[in-house]
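Trainee: Below you'll find the structure I mean.
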Amino acid sequence: MISALIVTWRADALVQECLSSLRAQEAAPERVRVVLSHPGRRLEVGGAELLTMPAESGFAAAAQAGAADLSGELLLLNDDLVFHPGCMAALRAARRRHPAAVLQPRLLLPDGRMDNGGHGFFPDGAIWARGRNGPADQALPAPGGFSGAAALFPAGLWQTVGGFDVSFDSFCEDVDLSLRLMRRRVPVVYVPEATITHRLGASYGRADPSKIRRIERNRIRAAVRSLPVSALAALPLTTGARLALTALLAATGRGPGAGVSADGRRAVLAGIAEGVACVPDALRKRRADRAGWARTDREMWEALWAGRARWEDLLQRP
């Protein structure tokens with residue numbers, strides 16, 4: 001049994017199109033629930049279940065509330081998705097081959113280029129979408145982490161690991177959970193036969209300063225919670241190197257920094273400062289997690305290298 005969980009903030013035509021494309025699947029989920037994270041809005045969801053949050057909530061808290069009593073496999077979804085024919089059938093077939101893995105569909109941009117096939121990691125815990133802006137049919141290595149836009153979790157896994165950290169609000173909750181799953185040796189498997197179009201940034205924009213600030217803040221929290229000790233010691237250097245590379249690529253119109261405003265660049269520094277202030281809480285969670293770790297620091301480095309962000313991905317123009 002698959003339970004689909006769609007989190008929406010806008011409550012507009014995006015979620016209606018997502019629901020329609022999901023219902024049209026020949027192997028559609030047995031249960032569909034929509035979580036509306038903005039209580040001041042109204043939404044009709046047809047035959048799906050609707051859960052409205054009591055107060056305006058971020059993606060992490062809304063997903064946690066929606067998943068609390070769902071059973072079976074959990075299909076976590078953003079609202080800005082359109083399923084291609086055969087997507088759910090491909091995911092069900094992949095589940096038979098990989099019973100314990102998180103399954104990552106192929107996500108495409110509206111123009112047909114690749115959005116991502118999961119995430120690759122930088123040494124400081126930042127991520128870059130695998131294959132972004134490249135051709136849809138490109139071969140991709142196994143992802144280091146899953147994309148929170150769409151992923152299928154095996155039955156019971158979400159509850160076992162505790163799902164998202166609700167204190168993240170929105171952004172990088174999938175990075176944090178991916179790193180925690182990596183510590184537990186839970187694989188992420190890319191399923192290119194399962195294709196979904198993703199209107200990237202439709203809800204929050206692609207380079208909104210508030211989004212950038214929260215990404216940098218939460219990236220530090222995720223890193224401190226799960227990365228090897230040596231990676232944490234090197235965090236100032238690796239973060240500085242990543243930001244320098246991002247700036248260099250942005251000057252040529254490439255990479256994640258392309259098109260980011262001056263306010264966005266200032267938001268990076270604000271987010272880093274907020275992330276540093278969150279380090280004590282992240283360390284407490286790290287100590288609590290350690291009993292469930294199945295990878296040593298050395299093995300974690302090996303997994304991070306295998307699932308690293310690729311230079312050729314960053315060279316793609318936006």
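By convention in this document, the chains of the structure tokens carry letters A, B, ... by their order, each chain's residues are numbered from 1, and ligands are numbered from 1 in the order they are shown.
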Per residue of range 80-136 of chain A within 12 Å of range 163-172 of chain A, what are the shortest atom pair and its distance in Å to one decimal, counting only C-alpha atoms, with rows by chain and residue number, as CSV?

Mentor:
residue,atom,partner,partner_atom,distance
A:His119,CA,A:Cys172,CA,11.2
A:Gly125,CA,A:Cys172,CA,9.9
A:Ala126,CA,A:Cys172,CA,8.9
A:Ile127,CA,A:Cys172,CA,9.0
A:Trp128,CA,A:Cys172,CA,11.5

Trainee: How would the residues just picked look written out with N, CA and C atoms as a CSV table (one decimal), in the first residue's frame?

Mentor:
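Ended up saving to again16.csv:
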chain,number,residue,atom,x,y,z
A,119,HIS,N,20.2,14.2,-5.0
A,119,HIS,CA,21.1,15.2,-4.6
A,119,HIS,C,22.5,14.7,-4.5
A,125,GLY,N,28.2,19.8,3.5
A,125,GLY,CA,26.8,19.4,3.7
A,125,GLY,C,25.8,20.1,2.7
A,126,ALA,N,26.3,21.1,2.0
A,126,ALA,CA,25.5,21.7,0.9
A,126,ALA,C,25.2,20.7,-0.2
A,127,ILE,N,24.1,20.9,-0.9
A,127,ILE,CA,23.8,19.9,-2.0
A,127,ILE,C,23.7,20.6,-3.3
A,128,TRP,N,23.8,19.8,-4.4
A,128,TRP,CA,23.4,20.3,-5.7
A,128,TRP,C,22.6,19.2,-6.4

Trainee: Can you list, as a PyMOL selection string, all residues belonging to range 194-310 of chain A that DSSP tags as alpha helix (DSSP H)?

Mentor: chain A and resi 209-226+229-233+235-250+262-277+279-289+297-306

Trainee: Any chance you could export the current selection's C-alpha atoms as a compact mmCIF listing (two decimals), in the first residue's frame?

Mentor:
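So the final result, stored in part_27.txt, reads:
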# COMPACT_ATOMS: atom_id res chain seq x y z
CA PRO A 209 16.73 35.94 -0.14
CA SER A 210 14.60 34.44 2.64
CA LYS A 211 14.93 31.03 1.01
CA ILE A 212 18.70 31.42 0.63
CA ARG A 213 19.05 32.45 4.28
CA ARG A 214 17.12 29.43 5.51
CA ILE A 215 19.05 27.07 3.23
CA GLU A 216 22.41 28.20 4.63
CA ARG A 217 21.13 28.12 8.22
CA ASN A 218 19.66 24.66 7.91
CA ARG A 219 22.61 23.31 5.94
CA ILE A 220 24.85 23.99 8.96
CA ARG A 221 22.36 22.31 11.32
CA ALA A 222 22.22 19.21 9.11
CA ALA A 223 26.01 19.10 8.79
CA VAL A 224 26.62 19.32 12.52
CA ARG A 225 24.06 16.62 13.22
CA SER A 226 25.46 13.98 10.86
CA VAL A 229 33.99 15.10 12.92
CA SER A 230 36.80 15.92 10.47
CA ALA A 231 34.25 17.47 8.09
CA LEU A 232 32.92 19.65 10.89
CA ALA A 233 36.43 20.81 11.79
CA LEU A 235 33.59 23.45 7.77
CA PRO A 236 34.85 27.07 7.60
CA LEU A 237 37.34 26.13 4.87
CA THR A 238 35.00 23.93 2.83
CA THR A 239 32.15 26.44 3.06
CA GLY A 240 34.50 29.24 1.99
CA ALA A 241 35.72 27.16 -0.95
CA ARG A 242 32.15 26.31 -2.02
CA LEU A 243 31.06 29.95 -1.88
CA ALA A 244 34.14 31.04 -3.84
CA LEU A 245 33.40 28.40 -6.51
CA THR A 246 29.77 29.49 -6.61
CA ALA A 247 30.78 33.13 -7.09
CA LEU A 248 33.26 32.21 -9.83
CA LEU A 249 30.67 30.19 -11.73
CA ALA A 250 28.00 32.86 -11.24
CA ALA A 262 22.94 41.40 -3.78
CA ASP A 263 20.24 40.81 -1.16
CA GLY A 264 20.60 37.08 -1.80
CA ARG A 265 24.36 37.25 -1.28
CA ARG A 266 23.85 39.06 2.02
CA ALA A 267 21.30 36.41 2.97
CA VAL A 268 24.05 33.76 2.70
CA LEU A 269 26.01 35.48 5.47
CA ALA A 270 22.89 35.96 7.60
CA GLY A 271 22.02 32.30 7.23
CA ILE A 272 25.51 31.19 8.23
CA ALA A 273 25.30 33.35 11.37
CA GLU A 274 21.92 31.83 12.27
CA GLY A 275 23.25 28.35 11.61
CA VAL A 276 26.18 28.87 13.96
CA ALA A 277 23.73 29.90 16.68
CA VAL A 279 25.02 24.42 16.66
CA PRO A 280 24.34 23.49 20.35
CA ASP A 281 20.91 22.09 19.45
CA ALA A 282 22.34 20.17 16.49
CA LEU A 283 25.04 18.68 18.71
CA ARG A 284 22.40 17.46 21.18
CA LYS A 285 20.54 15.74 18.35
CA ARG A 286 23.81 14.24 17.06
CA ARG A 287 24.43 12.62 20.44
CA ALA A 288 20.89 11.23 20.49
CA ASP A 289 21.25 9.86 16.93
CA ASP A 297 33.09 8.53 10.16
CA ARG A 298 35.41 6.90 7.62
CA GLU A 299 32.53 5.00 6.03
CA MET A 300 30.50 8.20 6.02
CA TRP A 301 33.26 9.94 4.07
CA GLU A 302 33.21 7.09 1.54
CA ALA A 303 29.44 7.43 1.14
CA LEU A 304 29.67 11.20 0.78
CA TRP A 305 32.35 10.83 -1.90
CA ALA A 306 30.24 8.29 -3.79

Trainee: List the neighbours of Asn116 in chain A out to 7 Å using only C-alpha atoms; skip same-chain residues closer than 2 positions along the sequence, and give me the result as a list in words.

Mentor: Arg106, Leu107, Leu108, Met114, Gly118, Ala129, Arg130, Gly131 and Arg132 of chain A

Trainee: Need the shell around Glu30 in chain A: protein/DNA/RNA residues with any atom at most 12 Å away, counting only C-alpha atoms. Skip same-chain ones fewer than 4 positions apart. Format as a VMD selection string?

Mentor: chain A and resid 1 to 5 22 to 23 25 to 26 47 to 49 70 to 75 88

Trainee: Based on the selection just made, write N, CA and C atoms of those residues as a PDB file, in the first residue's frame.

Mentor:
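Written file, result_0.pdb:
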ATOM      1  N   MET A   1       0.844  -1.194   0.000  1.00  0.00           N
ATOM      2  CA  MET A   1       0.000   0.000   0.000  1.00  0.00           C
ATOM      3  C   MET A   1       0.880   1.246   0.000  1.00  0.00           C
ATOM      4  N   ILE A   2       0.501   2.215  -0.819  1.00  0.00           N
ATOM      5  CA  ILE A   2       1.213   3.488  -0.884  1.00  0.00           C
ATOM      6  C   ILE A   2       0.271   4.607  -0.444  1.00  0.00           C
ATOM      7  N   SER A   3       0.745   5.430   0.484  1.00  0.00           N
ATOM      8  CA  SER A   3       0.019   6.628   0.898  1.00  0.00           C
ATOM      9  C   SER A   3       0.766   7.837   0.377  1.00  0.00           C
ATOM     10  N   ALA A   4       0.109   8.646  -0.454  1.00  0.00           N
ATOM     11  CA  ALA A   4       0.720   9.859  -0.996  1.00  0.00           C
ATOM     12  C   ALA A   4       0.403  11.036  -0.090  1.00  0.00           C
ATOM     13  N   LEU A   5       1.416  11.864   0.149  1.00  0.00           N
ATOM     14  CA  LEU A   5       1.267  13.041   1.004  1.00  0.00           C
ATOM     15  C   LEU A   5       1.745  14.266   0.232  1.00  0.00           C
ATOM     16  N   LEU A  22      -1.928  12.574 -10.554  1.00  0.00           N
ATOM     17  CA  LEU A  22      -1.734  11.414  -9.681  1.00  0.00           C
ATOM     18  C   LEU A  22      -2.919  10.452  -9.786  1.00  0.00           C
ATOM     19  N   ARG A  23      -4.137  11.000  -9.834  1.00  0.00           N
ATOM     20  CA  ARG A  23      -5.334  10.154  -9.963  1.00  0.00           C
ATOM     21  C   ARG A  23      -5.343   9.405 -11.296  1.00  0.00           C
ATOM     22  N   GLN A  25      -2.942   8.007 -12.798  1.00  0.00           N
ATOM     23  CA  GLN A  25      -1.969   6.919 -12.862  1.00  0.00           C
ATOM     24  C   GLN A  25      -2.670   5.563 -12.798  1.00  0.00           C
ATOM     25  N   GLU A  26      -2.226   4.622 -13.623  1.00  0.00           N
ATOM     26  CA  GLU A  26      -2.842   3.297 -13.614  1.00  0.00           C
ATOM     27  C   GLU A  26      -2.506   2.515 -12.351  1.00  0.00           C
ATOM     28  N   GLY A  47     -11.664  13.626  -3.967  1.00  0.00           N
ATOM     29  CA  GLY A  47     -11.733  12.444  -3.124  1.00  0.00           C
ATOM     30  C   GLY A  47     -10.558  12.257  -2.195  1.00  0.00           C
ATOM     31  N   ALA A  48      -9.591  13.167  -2.216  1.00  0.00           N
ATOM     32  CA  ALA A  48      -8.443  13.057  -1.325  1.00  0.00           C
ATOM     33  C   ALA A  48      -8.798  13.547   0.072  1.00  0.00           C
ATOM     34  N   GLU A  49      -7.969  13.198   1.038  1.00  0.00           N
ATOM     35  CA  GLU A  49      -8.124  13.705   2.401  1.00  0.00           C
ATOM     36  C   GLU A  49      -7.470  15.080   2.482  1.00  0.00           C
ATOM     37  N   LEU A  70      -0.213   7.845   8.765  1.00  0.00           N
ATOM     38  CA  LEU A  70      -0.272   7.141   7.482  1.00  0.00           C
ATOM     39  C   LEU A  70       0.493   5.823   7.574  1.00  0.00           C
ATOM     40  N   SER A  71      -0.050   4.792   6.965  1.00  0.00           N
ATOM     41  CA  SER A  71       0.580   3.481   6.985  1.00  0.00           C
ATOM     42  C   SER A  71       1.063   3.112   5.591  1.00  0.00           C
ATOM     43  N   GLY A  72       1.851   2.046   5.515  1.00  0.00           N
ATOM     44  CA  GLY A  72       2.384   1.596   4.242  1.00  0.00           C
ATOM     45  C   GLY A  72       3.532   2.475   3.783  1.00  0.00           C
ATOM     46  N   GLU A  73       3.846   2.393   2.497  1.00  0.00           N
ATOM     47  CA  GLU A  73       4.891   3.241   1.939  1.00  0.00           C
ATOM     48  C   GLU A  73       4.405   4.683   1.883  1.00  0.00           C
ATOM     49  N   LEU A  74       5.340   5.614   2.065  1.00  0.00           N
ATOM     50  CA  LEU A  74       4.998   7.033   2.057  1.00  0.00           C
ATOM     51  C   LEU A  74       5.587   7.691   0.814  1.00  0.00           C
ATOM     52  N   LEU A  75       4.709   8.253  -0.028  1.00  0.00           N
ATOM     53  CA  LEU A  75       5.124   9.000  -1.202  1.00  0.00           C
ATOM     54  C   LEU A  75       5.006  10.481  -0.857  1.00  0.00           C
ATOM     55  N   MET A  88       3.906   5.827 -11.503  1.00  0.00           N
ATOM     56  CA  MET A  88       3.640   5.023 -10.309  1.00  0.00           C
ATOM     57  C   MET A  88       3.910   3.539 -10.564  1.00  0.00           C
TER      58      MET A  88
END

Trainee: Using the chain letters and numbers from this document, which residues of range 3-224 of chain A does DSSP assign to strand (DSSP E), as a VMD selection string?

Mentor: chain A and resid 3 to 8 31 to 36 49 to 52 73 to 78 81 to 83 102 to 108 114 to 116 119 to 121 127 to 129 150 to 153 188 to 198

Trainee: Just write the chosen residues, C-alpha atoms, as a tab-separated table (two decimals), in the first residue's frame.

Mentor:
chain	number	residue	atom	x	y	z
A	3	SER	CA	0.02	6.63	0.90
A	4	ALA	CA	0.72	9.86	-1.00
A	5	LEU	CA	1.27	13.04	1.00
A	6	ILE	CA	1.12	16.40	-0.80
A	7	VAL	CA	2.14	19.52	1.11
A	8	THR	CA	0.79	22.81	-0.24
A	31	ARG	CA	-4.52	6.77	-0.18
A	32	VAL	CA	-3.92	10.47	-0.93
A	33	ARG	CA	-3.70	13.20	1.70
A	34	VAL	CA	-3.17	16.93	1.13
A	35	VAL	CA	-1.79	19.09	3.93
A	36	LEU	CA	-2.64	22.79	3.67
A	49	GLU	CA	-8.12	13.70	2.40
A	50	LEU	CA	-7.47	17.28	3.51
A	51	LEU	CA	-5.58	18.26	6.65
A	52	THR	CA	-5.37	21.99	7.40
A	73	GLU	CA	4.89	3.24	1.94
A	74	LEU	CA	5.00	7.03	2.06
A	75	LEU	CA	5.12	9.00	-1.20
A	76	LEU	CA	6.17	12.51	-0.19
A	77	LEU	CA	5.32	15.21	-2.74
A	78	ASN	CA	5.50	18.94	-3.34
A	81	LEU	CA	4.41	18.35	-9.69
A	82	VAL	CA	2.83	16.69	-12.73
A	83	PHE	CA	3.12	12.90	-13.01
A	102	VAL	CA	14.22	5.35	-0.65
A	103	LEU	CA	13.17	5.64	-4.32
A	104	GLN	CA	13.98	8.82	-6.20
A	105	PRO	CA	11.92	9.57	-9.34
A	106	ARG	CA	13.36	11.49	-12.28
A	107	LEU	CA	12.31	15.13	-11.94
A	108	LEU	CA	12.21	17.30	-15.06
A	114	MET	CA	16.56	17.68	-15.96
A	115	ASP	CA	15.63	19.17	-12.60
A	116	ASN	CA	17.24	16.41	-10.59
A	119	HIS	CA	21.12	15.23	-4.63
A	120	GLY	CA	24.90	15.25	-4.56
A	121	PHE	CA	26.79	16.57	-1.52
A	127	ILE	CA	23.81	19.91	-1.98
A	128	TRP	CA	23.45	20.31	-5.71
A	129	ALA	CA	20.71	18.69	-7.75
A	150	ALA	CA	9.24	13.71	-4.58
A	151	ALA	CA	10.45	10.52	-2.92
A	152	LEU	CA	8.97	7.14	-2.00
A	153	PHE	CA	9.90	5.77	1.44
A	188	VAL	CA	18.66	6.02	-2.12
A	189	VAL	CA	17.90	4.52	-5.56
A	190	TYR	CA	17.28	6.63	-8.65
A	191	VAL	CA	14.37	5.42	-10.81
A	192	PRO	CA	14.59	7.23	-14.18
A	193	GLU	CA	11.60	5.30	-15.55
A	194	ALA	CA	9.41	7.17	-13.02
A	195	THR	CA	9.17	10.68	-14.46
A	196	ILE	CA	7.60	13.78	-12.93
A	197	THR	CA	7.64	17.40	-14.12
A	198	HIS	CA	8.60	19.81	-11.34

Trainee: Would you list the contacts of Arg184 in chain A as a PyMOL selection string, taking every protein, DNA or RNA residue within 7 Å and counting only C-alpha atoms, but skipping same-chain residues closer than 5 positions in sequence?

Mentor: chain A and resi 292-295

Trainee: For those residues, write N, CA, C and O atoms to a file as a compact mmCIF listing (two decimals), in the first residue's frame.

Mentor:
# COMPACT_ATOMS: atom_id res chain seq x y z
N GLY A 292 21.93 4.89 16.72
CA GLY A 292 21.36 4.26 15.53
C GLY A 292 22.27 4.30 14.32
O GLY A 292 21.89 3.80 13.25
N TRP A 293 23.47 4.84 14.45
CA TRP A 293 24.38 4.94 13.31
C TRP A 293 24.94 3.57 12.94
O TRP A 293 25.34 2.78 13.80
N ALA A 294 24.98 3.30 11.65
CA ALA A 294 25.57 2.06 11.15
C ALA A 294 26.83 2.33 10.33
O ALA A 294 27.47 1.39 9.85
N ARG A 295 27.20 3.60 10.17
CA ARG A 295 28.42 3.98 9.45
C ARG A 295 29.36 4.73 10.38
O ARG A 295 28.94 5.66 11.08

Trainee: Which of these, A:Ala68, A:Pro54, A:Arg185, A:Pro39, has the shortest distance to Ala101 in chain A once you count only C-alpha atoms?

Mentor: A:Arg185

Trainee: Measure the distance from CA of Glu173 in chain A to CA of Val260 in chain A in Å and round it to one decimal.

Mentor: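 These atoms are spaced 22.0 Å apart.
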
Trainee: Could you tell me how far CA of Ala251 in chain A sits from CA of Pro141 in chain A, in Å to one decimal place?

Mentor: 28.0 Å

Trainee: Ranking A:Leu314, A:Val175, A:Cys278, A:Ala309 by minimum distance to Arg254 in chain A and counting only C-alpha atoms, which one comes first?

Mentor: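 Under the stated criterion, the closest residue is A:Leu314.
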
Trainee: Looking at A:Gly253, A:Gly259, A:Pro154, A:Gly145, which one is nearest to Arg180 in chain A, with distances taken over only C-alpha atoms?

Mentor: A:Gly145
